[in-house]
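Chemist: Just passing along the structure, written as C-alpha cells.
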Amino acid sequence: MQALEYAMKKTMYEKIWDSHLVVDEAGQAPLLYVDRHLMHEVTSPQAFEGLRLSGRKVRNPHSILATMDHCVPTKNRNLPIADPIAKKQIETMAENCRVNGLKLYDMTDPNNGVIHVVVPEHGFVHPGMVVVCGDSHTATHGAFGALAFGIGTSEVEHVMATQTLPQKKSKTMQVVVNGTLSKFASAKDIALAITGKIGTAGGTGYVIEYTGSAIRELSMEGRMTLCNMAIEAGARAGLVAPDEKTYEYIKGREFAPSGQYWDQALAYWKTLPSDEGAVFDATVTLDAADIAPQVSWGTSPEQVAGVDSVVPAPESFADEIKRQACESALAYMGLTANTKITDIPVDYVFIGSCTNGRIEDFRVAAEVAKGTKVAKGVTAIAVPGSYHVKQQAEAEGLDKIFIDAGWEWREPGCSMCLAMNGDELTKGQRCASTSNRNFEGRQGKGGRTHLVSPAMAAAAAAAGHFVDIRKL
Amino acid sequence: MEPYKKHESIAALMNRSNVDTDQIIPKQFLKRVERSGFGAHLFHDWRFNDDGSDNPEFELNKPAFKGAKVLVVGDNFGCGSSREHAPWAIADYGFNTIISTSYADIFYNNCFKNGILAIKVNKDQLDKLMAEIAVNEGVRFVVDLENQQVTTPGGNGFSFEIDPFRKSNLLSGLDDIGLTLKHVDKITQYEQQHKKNYPWLWA
C-alpha cells in the first residue's frame, strides 16, 4: 500500500486534501479539517445566531481572525456610522467576537482593513493549510499554497461548531502562464485574460493551480491578485506553489512559525508543490507576452478586451448565449459595438479592494499618477486595503502624489468594490475600477464598472478615458 | 429546515444565463443580521422601478408566475459572491426548486443548506422545459425528490441525478452540524495528530 502511494504523483491540491481528511466513509460527504477561519461582519451574524440557538460553542477560537471591512466608512471614521442597519451589523460583529473570545481587528484597530489584505500581513495563513471564510474572495490565500475557499453562512456556523466541513473533492485545472509580461501588464491582467479565455463558469467544479514562469516571476502581492480572481473564472480556489518568495514573505510575521518550529514548518512546506508528472483534469495555457492591459467592457468578468482593441459586436459571438449576453451588456453599459476601448470615457476611478489594495498596487498607480491631474469631471479615490498599507504608502510619500494629482486618499475598507458602505456610483456613472466584479449594479444601481489594473486606473483618471499605458 | 416533500407547483421561467448573486440579492440588503425577510428584495434591481413600483417587464412579476415554487433558469446560475443571502431570498420568496444546466459551486452548496433543491439538466432538456413554460405560462410541474423525477403536462418530464447525501438531508430536513458532530471523536483524534504534525499551528 505504501509503495503504491509513493508511486502516485499528486497535485498540490490532492496533497492538501488528503492531509485534511477527517472522515471519508461511504454514504456521506468527506469531512475536511479547517485550519483557519476568517470572518467579516456581513456573512457571520446569522452563523453566530445559529450557534447560540443550538447551544453550541466555537470549537477552536484560535483558528479565527475577524475584521470589519464591507460596511465601514472610508472617511470621517471618527463619526458614528450613519446607516443604522450597518451600524447594528458592526456592533453585532464586535459583540459576537467578544462573547466567543475571538481575535477581531475592529474599525479603530491599527490592524484593521479588508480581510484578505489583513490576513497575509499577519502571516495568519501558511502553505498547506485549509482556509475558509464566508467570502468568495478567500481564494486570495491560495497565493501561499493554501487551499482557501469561500463558504456560505451555514457553513461558517458548521466550521465554528465542528472545525470541519463536508466537502466534495474538486477536479484540478492547471493554468500555465509562460513568458514575460509586457511593461505595465500585471497579475490583474493575467487574471482578467484567464477569465476572458475560459469564462466565468470555466473553472466551476475545479481548483486551479497556476504554474509557469510568468507566475514564478510574480511577487506575493501579484499572486494574491491572481488567486483572488480564481472565483471570477468559476473556481472556488486558486493555488500557487510556495517557493522562496513565499517563505520570505511569511517569515517574522506575527503568526509565522518561529524558533524551533520555523525549520520544521519549512521542511513541510517544501513537500507541498505538485509532484513532477502529476496529472491535472484540465490544462489551459497562456503566453504572458500576448497579454495586453485588459479592460472589461460588459457586465461579467469574462467580457474583457485588450486596451488596444474595440468593444465587440454581438454578431462576433458564435455562441447564442454569449451573443445575447453581449447585447444586454452593451445596453446596460451604454456602449456601442466597435468603439475603441481607448475612446471610452470615465467619470469615476477607484483603486483598492482585496484584489488590488496592497502596497504594490499603490506604488505602480502612483508612478503613473505622479505629476498628472485628475481630468475635469472625474472623481478619483484611492482606498488602501488596510491601515498597514496606508501607513506604508504614506511613509513612501505616495499619498502626497495622489493628493497632488487631485485624488481622494481614504481610510481602508472594501469601499466601492461592492458599495455597501455608501461609497457608490450614481445611475449611469462609469467607473474604472481595480476591483473584481463588473456585475450590474455592483458599484451602485445603474453604475457601470470597467475592471482594470491599478496602472490602467491611474492613467484613466488623468486622461478622462482609457489609455494604452504601454504607450505612455 | 423543513423536510422537502413531493409537490406540484407553478414553474416560473427566467431565460437568463450567468445570473449572479449580486442580482439575486443586491448588496444594499446584506446589512441585516437576521436570516429572514430577504424575499422582499429578491432580484430587487430588476424587479422594481426606480420609484419602487413593480417593473412589469420583469419575468417574475408576471401574474402567471405568482406563487411559483419552481424556478427554471439559464446556465451558471448564482455565480459571483458567496452570500447565502441569495438562497435565503429565493427560499423566503417561496421557491424551493431550481432547474438549470449549471450552478456556481458555492451557491449550489448554499441552496441545499436552505431546503432548496437545485436540479441539473442538460441543455436540450432545459430548452424543452423553457419552451413548455413559454407557450403555457402558469404550467405546473410535479417535483418528486424521493424518486428523482420531474413531470410536466407537456410530456417533458425527466429523472435527475443528485448526491445521495444531499438528497437524504433535504428529505429529512436534518441539521448538517448534528450529523458531523456524530464524528466528534474522530475530529478530536485528528486534532491530536494535527498537533503532533504541525505543532506551530497550536503554539
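In the C-alpha cells, chains take letters A, B, ... by order of appearance, with residues numbered from 1 within each chain and ligands from 1 in the order shown.
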Hey, what's within 10 Å of Leu126 in chain B if we count only C-alpha atoms and toss same-chain stuff fewer than 3 positions away? As a list in words, please?

Modeler: Val72, Val73, Gly74, Asp75, Ile99, Ser100, Thr101, Lys120, Val121, Asn122, Lys123, Leu129, Met130, Ala131, Glu132 and Asn156 of chain B

Chemist: DSSP on the backbone, alpha helix (DSSP H) only: what residues of range 17-235 of chain A does that give? Format it as a count of residues only.

Modeler: 73

Chemist: If you count only C-alpha atoms, which residues fall within 9 Å of Glu121 in chain A, apart from same-chain ones fewer than 3 positions away, as a CSV table (one decimal) with C-alpha atoms, in the first residue's frame?

Modeler:
```csv
chain,number,residue,atom,x,y,z
A,111,ASN,CA,-4.5,46.3,12.1
A,117,VAL,CA,-5.4,42.1,2.8
A,118,VAL,CA,-5.1,41.9,6.6
A,124,PHE,CA,-2.0,34.0,9.6
A,249,TYR,CA,7.1,36.9,2.9
A,250,ILE,CA,5.8,34.9,5.9
A,253,ARG,CA,5.2,37.9,10.8
A,254,GLU,CA,3.0,37.7,13.9
A,388,HIS,CA,-0.7,49.0,7.3
```

Chemist: Could you state the separation of CA of Gln189 in chain B and CA of Val130 in chain A in Å, given to one decimal place?

Modeler: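 One can read the CA of Gln189 in chain B to CA of Val130 in chain A distance as 17.7 Å.
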
Chemist: Can you work out which residues from chain B touch chain A at a cut-off of 6 Å (counting only C-alpha atoms) and hand them back as a PyMOL selection string?

Modeler: chain B and resi 28+31+33-34+81-82+84+110+165+177+200

Chemist: For those residues, write C-alpha atoms to a file as a CSV table (one decimal), in the first residue's frame.

Modeler:
```
chain,number,residue,atom,x,y,z
B,28,GLN,CA,-27.7,47.1,0.0
B,31,LYS,CA,-26.7,44.5,6.3
B,33,VAL,CA,-28.3,40.4,11.0
B,34,GLU,CA,-31.3,38.1,10.6
B,81,SER,CA,-20.4,36.3,-4.3
B,82,SER,CA,-20.7,33.6,-1.7
B,84,GLU,CA,-26.0,32.9,1.5
B,110,ASN,CA,-25.8,27.1,-0.1
B,165,PHE,CA,-26.1,12.7,1.0
B,177,ILE,CA,-23.9,20.1,12.0
B,200,TRP,CA,3.5,25.5,15.3
```

Chemist: Find the residues around Asn178 in chain A up to 10 Å (only C-alpha atoms counted), leave out those fewer than 6 positions away in its own chain, and share them as a VMD selection string.

Modeler: chain A and resid 211 to 217 285 to 289

Chemist: Convert the current residue selection to file output with C-alpha atoms, as a short mmCIF file (atom, residue, chain, number, x, y, z; two decimals), in the first residue's frame.

Modeler:
```cif
data_model
loop_
_atom_site.label_atom_id
_atom_site.label_comp_id
_atom_site.auth_asym_id
_atom_site.auth_seq_id
_atom_site.Cartn_x
_atom_site.Cartn_y
_atom_site.Cartn_z
CA THR A 211 2.04 27.42 -12.94
CA GLY A 212 4.64 28.64 -15.42
CA SER A 213 7.47 31.10 -15.49
CA ALA A 214 5.25 34.20 -15.51
CA ILE A 215 3.63 33.05 -12.25
CA ARG A 216 7.02 32.38 -10.62
CA GLU A 217 8.01 35.93 -11.58
CA THR A 285 -2.15 27.64 -21.46
CA LEU A 286 -1.49 31.35 -21.96
CA ASP A 287 1.56 33.25 -23.13
CA ALA A 288 2.24 36.23 -20.87
CA ALA A 289 3.76 38.18 -23.76
#
```

Chemist: Taking 6 positions as the minimum chain separation for residues in the same chain, which residues sit within 12 Å of Asn136 in chain B when counting only C-alpha atoms? Answer as a short mmCIF file (atom, residue, chain, number, x, y, z; two decimals) with N, CA and C atoms, in the first residue's frame.

Modeler:
```
data_model
loop_
_atom_site.label_atom_id
_atom_site.label_comp_id
_atom_site.auth_asym_id
_atom_site.auth_seq_id
_atom_site.Cartn_x
_atom_site.Cartn_y
_atom_site.Cartn_z
N ILE B 10 -46.49 25.82 -9.78
CA ILE B 10 -46.22 26.65 -10.95
C ILE B 10 -44.70 26.73 -11.15
N ALA B 11 -44.26 26.62 -12.40
CA ALA B 11 -42.84 26.76 -12.73
C ALA B 11 -42.65 28.11 -13.42
N ALA B 12 -41.84 28.96 -12.81
CA ALA B 12 -41.58 30.29 -13.38
C ALA B 12 -40.34 30.21 -14.27
N LEU B 13 -40.32 31.02 -15.30
CA LEU B 13 -39.22 30.98 -16.26
C LEU B 13 -38.44 32.30 -16.25
N ALA B 64 -48.95 35.20 -14.05
CA ALA B 64 -48.99 33.74 -14.22
C ALA B 64 -47.95 33.03 -13.35
N PHE B 65 -46.91 33.75 -12.93
CA PHE B 65 -45.85 33.11 -12.16
C PHE B 65 -46.00 33.32 -10.65
N LEU B 129 -38.01 22.48 -21.44
CA LEU B 129 -38.79 22.98 -20.30
C LEU B 129 -39.11 24.45 -20.49
N MET B 130 -38.10 25.21 -20.95
CA MET B 130 -38.31 26.64 -21.16
C MET B 130 -39.39 26.87 -22.22
N THR B 152 -44.11 16.95 -16.26
CA THR B 152 -44.74 18.18 -16.75
C THR B 152 -45.92 17.79 -17.64
N PRO B 153 -46.95 18.64 -17.70
CA PRO B 153 -48.12 18.32 -18.53
C PRO B 153 -47.75 18.16 -20.00
N GLY B 154 -46.70 18.88 -20.43
CA GLY B 154 -46.31 18.82 -21.84
C GLY B 154 -45.49 17.59 -22.19
#
```

Chemist: Which distance in Å separates CA of Trp88 in chain B and CA of Thr151 in chain B, to one decimal?

Modeler: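 These two atoms are separated by 26.2 Å.
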
Chemist: Between CA of Gly252 in chain A and CA of Gly123 in chain A, measure the distance and give it in Å to one decimal.

Modeler: 8.2 Å

Chemist: Name all residues at most 12 Å from range 344-346 of chain A (count only C-alpha atoms; drop same-chain ones fewer than 5 positions away) and give them as a PyMOL selection string.

Modeler: chain A and resi 295-297+307-311+333-339+374-380+425+428-433+447-451+456-468

Chemist: Using only C-alpha atoms, find the one residue out of B:Lys62, B:Tyr198, B:His85, B:Phe158 that sits nearest to Lys27 in chain B.

Modeler: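 When distances to Lys27 in chain B are compared using only C-alpha atoms, the smallest one comes from B:His85.
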
Chemist: Can you work out which one of B:Phe29, B:Leu145, B:Cys111, B:Lys5 has the shortest atom-to-atom distance to Glu161 in chain B, counting only C-alpha atoms?

Modeler: B:Leu145

Chemist: Based on the backbone DSSP call, show me all residues of chain B assigned strand (DSSP E or B), as a PyMOL selection string.

Modeler: chain B and resi 7-14+20+48+54+70-73+77+79+97-100+103+117-120+140-144+149-151+158-159
